[in-house]
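Data block below; observations after.
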Amino acid sequence: MSNTTATAEQLGDLSATTLLRFATAGSVDDGKSTLVGRLLHDSKSVLTDQLEAVERVSASRGADAPDLALLTDGLRAEREQGITIDVAYRYFATARRRFILADTPGHVQYTRNMVTGASTADLAVVLVDARNGVIEQTRRHAAVAALLRVPHVVLAVNKMDLVAYDERVFAGIAEEFTAYARELGVPEITAIPISALAGDNVVEPSANMDWYGGPTVLEHLETVPVSHDLTSCHARLPVQYVIRPQTAEHPDYRGYAGQIAAGTFRVGESVTVLPSGRSSKITGIDLLGKAVDVAWTPQSITLLLEDDIDISRGDLIVPSGDTPPTSQDIEATVCHVADTPLNVGQRVLLKHTTRTVKAIVKEIPSRLTLDDLSQHPDPGQLVANDIGRVKVRTAEPLALDAYADSRRTGSFLLIDPADGTTLAAGMAGEAFATAAEEAAPASDDDGWDF
């Protein structure tokens, strides 16, 4: 095997291929790392020295064949315990598509890691052990994928070799999972029977399951329609930096630099700056040192405006006819990721795009029980891996889109102001795509200082 991540024939013209971000999830010992290892190995996306190292470690443990899970379980503690602890990112490519994959842990106490891995994913692969079927952790991972609005979910029913490749076992698991995922509002579910250890239906079709006529895992990953065309979305430019060189060459230059989060901006377009609400017109767009008439996500640009407006880092530039609401009261679903709890009345920092403001947790209306989607009312606090609804009051107005409309401008972080620790990842608006929750009555703000 060539000592490269992929052959030239595989890579082809990468400029013409699309990019798919996907995450794997599943319960402990469902075979996530083995699936990823098999995917990398059989698609010839493994370095020669990596494979040799895995073969040596596997042989030292008395294994007859390489343990492909070692290709992703990179931490020493992971290898010693045989479990995945942290999110392992891998990059590979075929002739048809480029991939960034996140192998996420299966233990309940590492649910927060799955949130990290799936937050930017276009597709989630949820593994199920064919012997055990759909269990609580399976439902948990499906719910997290639904909360994060992952558009495509693959149910990989693994270890089919241990149930004699029985079609009825696969059909029963696929039916149960699909019904649950649809209840959560997952738009697309694809079920594939596999054996990651033997390689059945991972990269190559299985001769042991002639009753299955669908794609292999890799075939589906290569062909699933993924739209990265965010140019038609609500145009949003979070300002990162104000450029004022004040040189002899550019005495009056004032530009507002940032990466376009979504949508398209054009010279001559009327825009509004939030939260101030001041409006102006785009007179120029600088991209990589050149003037252009149009720019779109995810380009990093500098906007020039017709009027001198007080604009600073954290402001949001949007089309004047498409402005999100601004508010100091935010209701959202959060996944608590810190070891210390999040309490009602706690003072935090809220980071939204390039803006960070002071905030107070005013209320925690409910905590979600992911196994049956029930709501535990007024828990008082959220602890590590909890997912719940929160109401936050910010010191300054923020312009948030609903997370369902924009994963970039509808998300935020809650941060501990004392040490900068990330406490929770938030998604503004409704939790699931199924139905809106009833609005809770407004709370009394007396006694709060903003």
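Letters for chains follow the order of the structure tokens (A, B, ...), residue numbers begin at 1 for each chain, and ligand numbers begin at 1 in the order shown.
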
- Expected answer as an NGL selection string: strand (DSSP E or B) residues in stretch 324-437 of chain A: :A and (326-336 or 342-343 or 347-352 or 355-369 or 374-377 or 381-382 or 387-399 or 411-415 or 422-428)

- Contacts of A:Pro365 within 6 Å, only C-alpha atoms, excl. fewer than 4 positions in-chain, as an MDAnalysis selection string: chainID A and resid 377:378 389

Using N, CA, C and O atoms, can you export the residues from the last selection as a tab-separated table (two decimals), in the first residue's frame?
```tsv
chain	number	residue	atom	x	y	z
A	377	PRO	N	-40.16	18.72	34.75
A	377	PRO	CA	-40.34	20.17	34.93
A	377	PRO	C	-39.51	20.73	36.08
A	377	PRO	O	-39.27	20.06	37.08
A	378	ASP	N	-39.07	21.98	35.89
A	378	ASP	CA	-38.37	22.76	36.93
A	378	ASP	C	-37.30	21.97	37.67
A	378	ASP	O	-37.35	21.81	38.89
A	389	ARG	N	-34.39	22.85	28.60
A	389	ARG	CA	-34.79	24.18	28.16
A	389	ARG	C	-34.33	25.21	29.18
A	389	ARG	O	-34.41	24.97	30.40
```

- Message: Going by DSSP on the backbone, which residues of stretch 116-216 of chain A come out as helix (DSSP H, G or I)? List them as a ChimeraX atom specification.
- Response: /A:116-118,136-147,160-163,167-184

Residue selection dump (C-alpha atoms) as a PDB file, in the first residue's frame:
```pdb
ATOM      1  CA  THR A 116     -19.619  18.326  19.771  1.00  0.00           C
ATOM      2  CA  GLY A 117     -19.089  15.852  16.949  1.00  0.00           C
ATOM      3  CA  ALA A 118     -22.590  16.081  15.486  1.00  0.00           C
ATOM      4  CA  GLU A 136     -31.846   3.591  25.589  1.00  0.00           C
ATOM      5  CA  GLN A 137     -28.539   4.918  24.292  1.00  0.00           C
ATOM      6  CA  THR A 138     -29.703   4.370  20.710  1.00  0.00           C
ATOM      7  CA  ARG A 139     -32.741   6.523  21.383  1.00  0.00           C
ATOM      8  CA  ARG A 140     -30.522   9.088  23.105  1.00  0.00           C
ATOM      9  CA  HIS A 141     -28.281   9.423  20.076  1.00  0.00           C
ATOM     10  CA  ALA A 142     -31.250   9.667  17.720  1.00  0.00           C
ATOM     11  CA  ALA A 143     -32.688  12.440  19.891  1.00  0.00           C
ATOM     12  CA  VAL A 144     -29.396  14.354  19.917  1.00  0.00           C
ATOM     13  CA  ALA A 145     -29.191  14.094  16.119  1.00  0.00           C
ATOM     14  CA  ALA A 146     -32.751  15.437  15.889  1.00  0.00           C
ATOM     15  CA  LEU A 147     -32.021  18.282  18.321  1.00  0.00           C
ATOM     16  CA  MET A 160     -25.170  -9.223  11.551  1.00  0.00           C
ATOM     17  CA  ASP A 161     -22.697 -12.116  11.393  1.00  0.00           C
ATOM     18  CA  LEU A 162     -23.566 -12.902  15.042  1.00  0.00           C
ATOM     19  CA  VAL A 163     -27.274 -13.313  14.220  1.00  0.00           C
ATOM     20  CA  GLU A 167     -33.237 -10.538   7.599  1.00  0.00           C
ATOM     21  CA  ARG A 168     -36.031 -10.598  10.183  1.00  0.00           C
ATOM     22  CA  VAL A 169     -33.703  -9.317  12.913  1.00  0.00           C
ATOM     23  CA  PHE A 170     -32.636  -6.419  10.721  1.00  0.00           C
ATOM     24  CA  ALA A 171     -36.187  -5.586   9.627  1.00  0.00           C
ATOM     25  CA  GLY A 172     -37.471  -5.493  13.211  1.00  0.00           C
ATOM     26  CA  ILE A 173     -34.700  -3.153  14.400  1.00  0.00           C
ATOM     27  CA  ALA A 174     -35.055  -0.905  11.349  1.00  0.00           C
ATOM     28  CA  GLU A 175     -38.821  -0.595  11.851  1.00  0.00           C
ATOM     29  CA  GLU A 176     -38.533   0.270  15.546  1.00  0.00           C
ATOM     30  CA  PHE A 177     -35.762   2.840  15.052  1.00  0.00           C
ATOM     31  CA  THR A 178     -37.393   4.480  12.044  1.00  0.00           C
ATOM     32  CA  ALA A 179     -40.680   4.962  13.918  1.00  0.00           C
ATOM     33  CA  TYR A 180     -38.855   6.604  16.852  1.00  0.00           C
ATOM     34  CA  ALA A 181     -36.685   8.832  14.642  1.00  0.00           C
ATOM     35  CA  ARG A 182     -39.669  10.016  12.635  1.00  0.00           C
ATOM     36  CA  GLU A 183     -41.447  10.926  15.858  1.00  0.00           C
ATOM     37  CA  LEU A 184     -38.455  13.156  16.601  1.00  0.00           C
TER      38      LEU A 184
END
```

- Task: Compile the contact shell of A:Leu155 as a count of residues only: residues with an atom at most 10 Å away, counting only C-alpha atoms, same-chain residues fewer than 5 positions apart removed.
- Result: 20

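Nearest-residue note for A:Asp252: choosing from A:Ala88, A:Val334, A:Leu350, A:Leu305, the minimum distance belongs to A:Leu305, counting only C-alpha atoms.
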
- Item | Within 6 Å of A:Ala262 using only C-alpha atoms, minus same-chain residues under 4 positions, as number ranges by chain | A: 230, 233, 235-236, 297

- Task: Could you tell me how far atom CA of A:Arg407 lies from atom CA of A:Leu274, in Å and to one decimal?
- Result: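 So the two atoms, atom CA of A:Arg407 and atom CA of A:Leu274, lie 18.6 Å apart.
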
Which neighbours of stretch 337-346 of chain A fall inside 12 Å, counting only C-alpha atoms, when residues of the same chain fewer than 3 positions from it are skipped, and could you give them as a PDB file with N, CA, C and O atoms, in the first residue's frame?
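What follows is the written file out29.pdb:
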```pdb
ATOM      1  N   GLN A 109     -22.032   9.031  29.815  1.00  0.00           N
ATOM      2  CA  GLN A 109     -21.348  10.186  30.397  1.00  0.00           C
ATOM      3  C   GLN A 109     -20.580  10.993  29.358  1.00  0.00           C
ATOM      4  O   GLN A 109     -20.064  12.059  29.662  1.00  0.00           O
ATOM      5  N   TYR A 110     -20.515  10.500  28.126  1.00  0.00           N
ATOM      6  CA  TYR A 110     -19.843  11.244  27.064  1.00  0.00           C
ATOM      7  C   TYR A 110     -20.829  11.744  26.004  1.00  0.00           C
ATOM      8  O   TYR A 110     -20.438  12.014  24.876  1.00  0.00           O
ATOM      9  N   THR A 111     -22.098  11.862  26.372  1.00  0.00           N
ATOM     10  CA  THR A 111     -23.091  12.381  25.431  1.00  0.00           C
ATOM     11  C   THR A 111     -22.683  13.759  24.924  1.00  0.00           C
ATOM     12  O   THR A 111     -22.903  14.108  23.766  1.00  0.00           O
ATOM     13  N   ARG A 112     -22.083  14.563  25.798  1.00  0.00           N
ATOM     14  CA  ARG A 112     -21.646  15.912  25.400  1.00  0.00           C
ATOM     15  C   ARG A 112     -20.646  15.845  24.253  1.00  0.00           C
ATOM     16  O   ARG A 112     -20.578  16.744  23.428  1.00  0.00           O
ATOM     17  N   ASN A 113     -19.841  14.771  24.210  1.00  0.00           N
ATOM     18  CA  ASN A 113     -18.887  14.641  23.113  1.00  0.00           C
ATOM     19  C   ASN A 113     -19.607  14.404  21.786  1.00  0.00           C
ATOM     20  O   ASN A 113     -19.177  14.866  20.739  1.00  0.00           O
ATOM     21  N   MET A 114     -20.730  13.656  21.856  1.00  0.00           N
ATOM     22  CA  MET A 114     -21.492  13.456  20.631  1.00  0.00           C
ATOM     23  C   MET A 114     -22.070  14.768  20.138  1.00  0.00           C
ATOM     24  O   MET A 114     -22.127  15.027  18.942  1.00  0.00           O
ATOM     25  N   VAL A 115     -22.512  15.606  21.074  1.00  0.00           N
ATOM     26  CA  VAL A 115     -23.030  16.921  20.691  1.00  0.00           C
ATOM     27  C   VAL A 115     -21.954  17.701  19.943  1.00  0.00           C
ATOM     28  O   VAL A 115     -22.224  18.335  18.917  1.00  0.00           O
ATOM     29  N   THR A 116     -20.731  17.642  20.437  1.00  0.00           N
ATOM     30  CA  THR A 116     -19.619  18.326  19.771  1.00  0.00           C
ATOM     31  C   THR A 116     -19.408  17.780  18.367  1.00  0.00           C
ATOM     32  O   THR A 116     -19.289  18.536  17.399  1.00  0.00           O
ATOM     33  N   VAL A 334     -30.454  23.604  25.581  1.00  0.00           N
ATOM     34  CA  VAL A 334     -29.009  23.535  25.776  1.00  0.00           C
ATOM     35  C   VAL A 334     -28.608  22.121  26.165  1.00  0.00           C
ATOM     36  O   VAL A 334     -29.379  21.387  26.778  1.00  0.00           O
ATOM     37  N   LEU A 349     -21.490  34.110  30.784  1.00  0.00           N
ATOM     38  CA  LEU A 349     -21.255  34.839  29.547  1.00  0.00           C
ATOM     39  C   LEU A 349     -21.919  34.066  28.424  1.00  0.00           C
ATOM     40  O   LEU A 349     -21.873  32.833  28.396  1.00  0.00           O
ATOM     41  N   LYS A 358     -22.730  39.573  28.892  1.00  0.00           N
ATOM     42  CA  LYS A 358     -23.083  39.044  30.199  1.00  0.00           C
ATOM     43  C   LYS A 358     -24.542  38.579  30.190  1.00  0.00           C
ATOM     44  O   LYS A 358     -25.382  39.146  29.489  1.00  0.00           O
ATOM     45  N   ALA A 359     -24.836  37.557  30.998  1.00  0.00           N
ATOM     46  CA  ALA A 359     -26.203  37.032  31.030  1.00  0.00           C
ATOM     47  C   ALA A 359     -26.476  36.373  32.373  1.00  0.00           C
ATOM     48  O   ALA A 359     -25.553  36.083  33.150  1.00  0.00           O
ATOM     49  N   ILE A 360     -27.748  36.154  32.644  1.00  0.00           N
ATOM     50  CA  ILE A 360     -28.206  35.447  33.842  1.00  0.00           C
ATOM     51  C   ILE A 360     -29.170  34.348  33.421  1.00  0.00           C
ATOM     52  O   ILE A 360     -30.042  34.559  32.572  1.00  0.00           O
ATOM     53  N   VAL A 361     -28.990  33.173  33.996  1.00  0.00           N
ATOM     54  CA  VAL A 361     -29.932  32.077  33.773  1.00  0.00           C
ATOM     55  C   VAL A 361     -31.172  32.359  34.619  1.00  0.00           C
ATOM     56  O   VAL A 361     -31.149  32.234  35.837  1.00  0.00           O
ATOM     57  N   LYS A 362     -32.255  32.775  33.957  1.00  0.00           N
ATOM     58  CA  LYS A 362     -33.454  33.171  34.681  1.00  0.00           C
ATOM     59  C   LYS A 362     -34.328  31.984  35.090  1.00  0.00           C
ATOM     60  O   LYS A 362     -34.995  31.992  36.130  1.00  0.00           O
ATOM     61  N   GLU A 363     -34.326  30.951  34.251  1.00  0.00           N
ATOM     62  CA  GLU A 363     -35.233  29.830  34.508  1.00  0.00           C
ATOM     63  C   GLU A 363     -34.743  28.596  33.754  1.00  0.00           C
ATOM     64  O   GLU A 363     -34.145  28.712  32.676  1.00  0.00           O
ATOM     65  N   ILE A 364     -34.955  27.426  34.326  1.00  0.00           N
ATOM     66  CA  ILE A 364     -34.733  26.157  33.639  1.00  0.00           C
ATOM     67  C   ILE A 364     -36.085  25.435  33.653  1.00  0.00           C
ATOM     68  O   ILE A 364     -36.403  24.701  34.591  1.00  0.00           O
ATOM     69  N   PRO A 365     -36.917  25.673  32.639  1.00  0.00           N
ATOM     70  CA  PRO A 365     -38.282  25.144  32.670  1.00  0.00           C
ATOM     71  C   PRO A 365     -38.372  23.628  32.700  1.00  0.00           C
ATOM     72  O   PRO A 365     -39.289  23.064  33.318  1.00  0.00           O
ATOM     73  N   SER A 366     -37.416  22.945  32.047  1.00  0.00           N
ATOM     74  CA  SER A 366     -37.541  21.488  31.984  1.00  0.00           C
ATOM     75  C   SER A 366     -36.211  20.846  31.626  1.00  0.00           C
ATOM     76  O   SER A 366     -35.307  21.485  31.075  1.00  0.00           O
ATOM     77  N   ARG A 367     -36.115  19.583  31.966  1.00  0.00           N
ATOM     78  CA  ARG A 367     -34.982  18.737  31.558  1.00  0.00           C
ATOM     79  C   ARG A 367     -35.553  17.587  30.745  1.00  0.00           C
ATOM     80  O   ARG A 367     -36.557  16.971  31.122  1.00  0.00           O
ATOM     81  N   ASP A 378     -39.065  21.979  35.892  1.00  0.00           N
ATOM     82  CA  ASP A 378     -38.371  22.758  36.925  1.00  0.00           C
ATOM     83  C   ASP A 378     -37.297  21.965  37.666  1.00  0.00           C
ATOM     84  O   ASP A 378     -37.354  21.815  38.890  1.00  0.00           O
ATOM     85  N   PRO A 379     -36.288  21.453  36.961  1.00  0.00           N
ATOM     86  CA  PRO A 379     -35.252  20.674  37.651  1.00  0.00           C
ATOM     87  C   PRO A 379     -34.352  21.525  38.543  1.00  0.00           C
ATOM     88  O   PRO A 379     -33.642  20.981  39.385  1.00  0.00           O
ATOM     89  N   GLY A 380     -34.346  22.851  38.349  1.00  0.00           N
ATOM     90  CA  GLY A 380     -33.515  23.723  39.182  1.00  0.00           C
ATOM     91  C   GLY A 380     -32.092  23.858  38.700  1.00  0.00           C
ATOM     92  O   GLY A 380     -31.464  24.899  38.876  1.00  0.00           O
ATOM     93  N   GLN A 381     -31.565  22.810  38.081  1.00  0.00           N
ATOM     94  CA  GLN A 381     -30.201  22.845  37.554  1.00  0.00           C
ATOM     95  C   GLN A 381     -30.056  21.783  36.475  1.00  0.00           C
ATOM     96  O   GLN A 381     -30.862  20.859  36.360  1.00  0.00           O
ATOM     97  N   LEU A 382     -29.021  21.933  35.685  1.00  0.00           N
ATOM     98  CA  LEU A 382     -28.622  20.925  34.705  1.00  0.00           C
ATOM     99  C   LEU A 382     -27.220  20.473  35.042  1.00  0.00           C
ATOM    100  O   LEU A 382     -26.355  21.298  35.379  1.00  0.00           O
ATOM    101  N   VAL A 383     -26.983  19.173  34.979  1.00  0.00           N
ATOM    102  CA  VAL A 383     -25.650  18.631  35.236  1.00  0.00           C
ATOM    103  C   VAL A 383     -25.081  18.091  33.930  1.00  0.00           C
ATOM    104  O   VAL A 383     -25.735  18.120  32.887  1.00  0.00           O
ATOM    105  N   ALA A 384     -23.845  17.603  33.990  1.00  0.00           N
ATOM    106  CA  ALA A 384     -23.146  17.164  32.790  1.00  0.00           C
ATOM    107  C   ALA A 384     -23.989  16.187  31.978  1.00  0.00           C
ATOM    108  O   ALA A 384     -24.560  15.239  32.522  1.00  0.00           O
ATOM    109  N   ASN A 385     -24.068  16.450  30.670  1.00  0.00           N
ATOM    110  CA  ASN A 385     -24.782  15.634  29.687  1.00  0.00           C
ATOM    111  C   ASN A 385     -26.292  15.832  29.700  1.00  0.00           C
ATOM    112  O   ASN A 385     -26.995  15.247  28.880  1.00  0.00           O
ATOM    113  N   ASP A 386     -26.817  16.632  30.628  1.00  0.00           N
ATOM    114  CA  ASP A 386     -28.246  16.935  30.612  1.00  0.00           C
ATOM    115  C   ASP A 386     -28.593  17.798  29.404  1.00  0.00           C
ATOM    116  O   ASP A 386     -27.806  18.654  28.974  1.00  0.00           O
ATOM    117  N   ILE A 387     -29.788  17.593  28.886  1.00  0.00           N
ATOM    118  CA  ILE A 387     -30.339  18.456  27.839  1.00  0.00           C
ATOM    119  C   ILE A 387     -31.634  19.036  28.373  1.00  0.00           C
ATOM    120  O   ILE A 387     -32.499  18.295  28.864  1.00  0.00           O
ATOM    121  N   GLY A 388     -31.770  20.343  28.323  1.00  0.00           N
ATOM    122  CA  GLY A 388     -32.956  20.961  28.890  1.00  0.00           C
ATOM    123  C   GLY A 388     -33.249  22.307  28.259  1.00  0.00           C
ATOM    124  O   GLY A 388     -32.454  22.849  27.477  1.00  0.00           O
ATOM    125  N   ARG A 389     -34.395  22.852  28.604  1.00  0.00           N
ATOM    126  CA  ARG A 389     -34.790  24.184  28.161  1.00  0.00           C
ATOM    127  C   ARG A 389     -34.326  25.207  29.183  1.00  0.00           C
ATOM    128  O   ARG A 389     -34.413  24.972  30.395  1.00  0.00           O
ATOM    129  N   VAL A 390     -33.819  26.332  28.708  1.00  0.00           N
ATOM    130  CA  VAL A 390     -33.397  27.413  29.596  1.00  0.00           C
ATOM    131  C   VAL A 390     -33.942  28.737  29.087  1.00  0.00           C
ATOM    132  O   VAL A 390     -34.204  28.902  27.888  1.00  0.00           O
ATOM    133  N   LYS A 391     -34.123  29.672  30.024  1.00  0.00           N
ATOM    134  CA  LYS A 391     -34.444  31.055  29.687  1.00  0.00           C
ATOM    135  C   LYS A 391     -33.319  31.915  30.234  1.00  0.00           C
ATOM    136  O   LYS A 391     -32.999  31.836  31.429  1.00  0.00           O
ATOM    137  N   VAL A 392     -32.733  32.700  29.356  1.00  0.00           N
ATOM    138  CA  VAL A 392     -31.566  33.511  29.691  1.00  0.00           C
ATOM    139  C   VAL A 392     -31.878  34.968  29.407  1.00  0.00           C
ATOM    140  O   VAL A 392     -32.478  35.306  28.379  1.00  0.00           O
ATOM    141  N   ARG A 393     -31.471  35.834  30.327  1.00  0.00           N
ATOM    142  CA  ARG A 393     -31.587  37.287  30.148  1.00  0.00           C
ATOM    143  C   ARG A 393     -30.197  37.845  29.925  1.00  0.00           C
ATOM    144  O   ARG A 393     -29.292  37.635  30.744  1.00  0.00           O
ATOM    145  N   LEU A 413     -22.972  29.664  22.991  1.00  0.00           N
ATOM    146  CA  LEU A 413     -22.326  28.986  24.118  1.00  0.00           C
ATOM    147  C   LEU A 413     -22.588  29.771  25.395  1.00  0.00           C
ATOM    148  O   LEU A 413     -22.610  31.000  25.378  1.00  0.00           O
ATOM    149  N   LEU A 414     -22.773  29.045  26.490  1.00  0.00           N
ATOM    150  CA  LEU A 414     -22.785  29.653  27.818  1.00  0.00           C
ATOM    151  C   LEU A 414     -21.445  29.349  28.462  1.00  0.00           C
ATOM    152  O   LEU A 414     -20.997  28.197  28.490  1.00  0.00           O
ATOM    153  N   ILE A 415     -20.792  30.393  28.987  1.00  0.00           N
ATOM    154  CA  ILE A 415     -19.415  30.295  29.464  1.00  0.00           C
ATOM    155  C   ILE A 415     -19.336  30.767  30.916  1.00  0.00           C
ATOM    156  O   ILE A 415     -20.008  31.730  31.302  1.00  0.00           O
ATOM    157  N   ASP A 416     -18.513  30.082  31.696  1.00  0.00           N
ATOM    158  CA  ASP A 416     -18.259  30.491  33.073  1.00  0.00           C
ATOM    159  C   ASP A 416     -17.362  31.736  33.052  1.00  0.00           C
ATOM    160  O   ASP A 416     -16.230  31.674  32.565  1.00  0.00           O
ATOM    161  N   PRO A 417     -17.837  32.871  33.566  1.00  0.00           N
ATOM    162  CA  PRO A 417     -17.023  34.095  33.509  1.00  0.00           C
ATOM    163  C   PRO A 417     -15.779  34.025  34.387  1.00  0.00           C
ATOM    164  O   PRO A 417     -14.845  34.807  34.195  1.00  0.00           O
ATOM    165  N   ALA A 418     -15.759  33.106  35.345  1.00  0.00           N
ATOM    166  CA  ALA A 418     -14.624  33.030  36.269  1.00  0.00           C
ATOM    167  C   ALA A 418     -13.383  32.443  35.618  1.00  0.00           C
ATOM    168  O   ALA A 418     -12.266  32.925  35.835  1.00  0.00           O
ATOM    169  N   GLY A 420     -13.581  30.880  32.111  1.00  0.00           N
ATOM    170  CA  GLY A 420     -13.717  30.692  30.672  1.00  0.00           C
ATOM    171  C   GLY A 420     -14.159  29.308  30.252  1.00  0.00           C
ATOM    172  O   GLY A 420     -14.160  29.000  29.050  1.00  0.00           O
ATOM    173  N   THR A 421     -14.547  28.452  31.185  1.00  0.00           N
ATOM    174  CA  THR A 421     -15.002  27.104  30.858  1.00  0.00           C
ATOM    175  C   THR A 421     -16.338  27.151  30.122  1.00  0.00           C
ATOM    176  O   THR A 421     -17.244  27.884  30.512  1.00  0.00           O
ATOM    177  N   THR A 422     -16.454  26.379  29.063  1.00  0.00           N
ATOM    178  CA  THR A 422     -17.737  26.266  28.369  1.00  0.00           C
ATOM    179  C   THR A 422     -18.697  25.438  29.223  1.00  0.00           C
ATOM    180  O   THR A 422     -18.382  24.308  29.609  1.00  0.00           O
ATOM    181  N   LEU A 423     -19.846  26.013  29.523  1.00  0.00           N
ATOM    182  CA  LEU A 423     -20.827  25.341  30.369  1.00  0.00           C
ATOM    183  C   LEU A 423     -21.865  24.576  29.557  1.00  0.00           C
ATOM    184  O   LEU A 423     -22.234  23.452  29.905  1.00  0.00           O
ATOM    185  N   ALA A 424     -22.376  25.201  28.502  1.00  0.00           N
ATOM    186  CA  ALA A 424     -23.458  24.584  27.739  1.00  0.00           C
ATOM    187  C   ALA A 424     -23.427  25.081  26.307  1.00  0.00           C
ATOM    188  O   ALA A 424     -22.995  26.197  26.024  1.00  0.00           O
ATOM    189  N   ALA A 425     -23.906  24.226  25.406  1.00  0.00           N
ATOM    190  CA  ALA A 425     -24.103  24.593  24.012  1.00  0.00           C
ATOM    191  C   ALA A 425     -25.587  24.765  23.785  1.00  0.00           C
ATOM    192  O   ALA A 425     -26.381  23.881  24.129  1.00  0.00           O
ATOM    193  N   GLY A 426     -25.984  25.914  23.226  1.00  0.00           N
ATOM    194  CA  GLY A 426     -27.394  26.240  23.111  1.00  0.00           C
ATOM    195  C   GLY A 426     -27.888  26.314  21.682  1.00  0.00           C
ATOM    196  O   GLY A 426     -27.135  26.654  20.763  1.00  0.00           O
ATOM    197  N   ASP A 445     -39.238  39.894  36.542  1.00  0.00           N
ATOM    198  CA  ASP A 445     -37.843  40.298  36.437  1.00  0.00           C
ATOM    199  C   ASP A 445     -37.392  41.143  37.617  1.00  0.00           C
ATOM    200  O   ASP A 445     -36.260  41.616  37.635  1.00  0.00           O
ATOM    201  N   GLY A 447     -35.735  42.485  40.784  1.00  0.00           N
ATOM    202  CA  GLY A 447     -34.567  42.033  41.525  1.00  0.00           C
ATOM    203  C   GLY A 447     -33.352  41.763  40.650  1.00  0.00           C
ATOM    204  O   GLY A 447     -32.262  41.594  41.160  1.00  0.00           O
ATOM    205  N   TRP A 448     -33.537  41.703  39.311  1.00  0.00           N
ATOM    206  CA  TRP A 448     -32.418  41.475  38.407  1.00  0.00           C
ATOM    207  C   TRP A 448     -31.885  42.817  37.932  1.00  0.00           C
ATOM    208  O   TRP A 448     -32.650  43.760  37.757  1.00  0.00           O
ATOM    209  N   ASP A 449     -30.596  42.880  37.718  1.00  0.00           N
ATOM    210  CA  ASP A 449     -30.001  44.167  37.405  1.00  0.00           C
ATOM    211  C   ASP A 449     -29.905  44.457  35.930  1.00  0.00           C
ATOM    212  O   ASP A 449     -29.286  45.426  35.529  1.00  0.00           O
TER     213      ASP A 449
END
```

- Return the single residue from A:Thr120, A:Thr354, A:Thr333, A:Gln299 that is closest to A:Leu316, with distances computed using only C-alpha atoms. A:Thr354

- When you draw a straight line from atom CA of A:Tyr403 to atom CA of A:Phe22, how long is it in Å?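 The value is 18.9 Å.
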
- Taking only C-alpha atoms into account, which of A:Ala428, A:Thr18, A:Arg98, A:Ala404 comes nearest A:Gly185? A:Ala404

Could you list, as a PDB file with N, CA and C atoms, in the first residue's frame, every residue within 10 Å of A:Ser327, counting only C-alpha atoms and ignoring same-chain residues fewer than 5 positions away?
```pdb
ATOM      1  N   PRO A 275     -27.026  45.075  16.958  1.00  0.00           N
ATOM      2  CA  PRO A 275     -28.376  45.384  17.446  1.00  0.00           C
ATOM      3  C   PRO A 275     -28.793  46.851  17.326  1.00  0.00           C
ATOM      4  N   ARG A 393     -31.471  35.834  30.327  1.00  0.00           N
ATOM      5  CA  ARG A 393     -31.587  37.287  30.148  1.00  0.00           C
ATOM      6  C   ARG A 393     -30.197  37.845  29.925  1.00  0.00           C
ATOM      7  N   THR A 394     -30.009  38.568  28.808  1.00  0.00           N
ATOM      8  CA  THR A 394     -28.695  39.102  28.475  1.00  0.00           C
ATOM      9  C   THR A 394     -28.614  40.586  28.811  1.00  0.00           C
ATOM     10  N   GLU A 396     -27.237  42.838  26.993  1.00  0.00           N
ATOM     11  CA  GLU A 396     -27.401  43.610  25.770  1.00  0.00           C
ATOM     12  C   GLU A 396     -28.244  42.802  24.795  1.00  0.00           C
ATOM     13  N   PRO A 397     -28.956  43.481  23.903  1.00  0.00           N
ATOM     14  CA  PRO A 397     -29.777  42.751  22.926  1.00  0.00           C
ATOM     15  C   PRO A 397     -28.920  41.912  21.990  1.00  0.00           C
ATOM     16  N   LEU A 398     -29.438  40.753  21.623  1.00  0.00           N
ATOM     17  CA  LEU A 398     -28.782  39.868  20.658  1.00  0.00           C
ATOM     18  C   LEU A 398     -29.737  39.588  19.508  1.00  0.00           C
ATOM     19  N   ALA A 399     -29.154  39.360  18.320  1.00  0.00           N
ATOM     20  CA  ALA A 399     -29.947  39.015  17.137  1.00  0.00           C
ATOM     21  C   ALA A 399     -29.702  37.544  16.815  1.00  0.00           C
ATOM     22  N   LEU A 400     -30.607  36.690  17.278  1.00  0.00           N
ATOM     23  CA  LEU A 400     -30.483  35.252  17.054  1.00  0.00           C
ATOM     24  C   LEU A 400     -31.546  34.782  16.073  1.00  0.00           C
TER      25      LEU A 400
END
```

- Query: Can you tell me how far atom CA of A:Phe432 sits from atom CA of A:Gln375, in Å to one decimal?
  - Reply: 12.9 Å

Compile a residue-level contact table for stretch 289-369 of chain A against stretch 238-246 of chain A at a cut-off of 9 Å, reporting for every qualifying residue the shortest atom pair and its distance in Å to one decimal, with only C-alpha atoms counted, rows ordered by chain and ascending number, as CSV.
```
residue,atom,partner,partner_atom,distance
A:Thr302,CA,A:Ile243,CA,8.3
A:Ile311,CA,A:Val242,CA,7.6
A:Ser312,CA,A:Val242,CA,6.4
A:Arg313,CA,A:Gln240,CA,4.9
A:Gly314,CA,A:Val239,CA,5.5
A:Asp315,CA,A:Val239,CA,5.5
A:Leu316,CA,A:Pro238,CA,4.5
A:Ile317,CA,A:Pro238,CA,6.4
A:Val318,CA,A:Pro238,CA,8.8
A:Thr353,CA,A:Pro238,CA,6.4
A:Thr354,CA,A:Gln240,CA,6.1
A:Arg355,CA,A:Pro238,CA,8.2
```

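Of the residues listed (A:Pro298, A:Gly429, A:Lys281, A:Val153), A:Gly429 shows the shortest atom-to-atom separation from A:Pro325; distances use only C-alpha atoms.
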
- Task: Can you work out which one of A:Ala402, A:Ser280, A:Ser43, A:Ser374 has the shortest atom-to-atom distance to A:Glu204, counting only C-alpha atoms?
- Result: A:Ser43
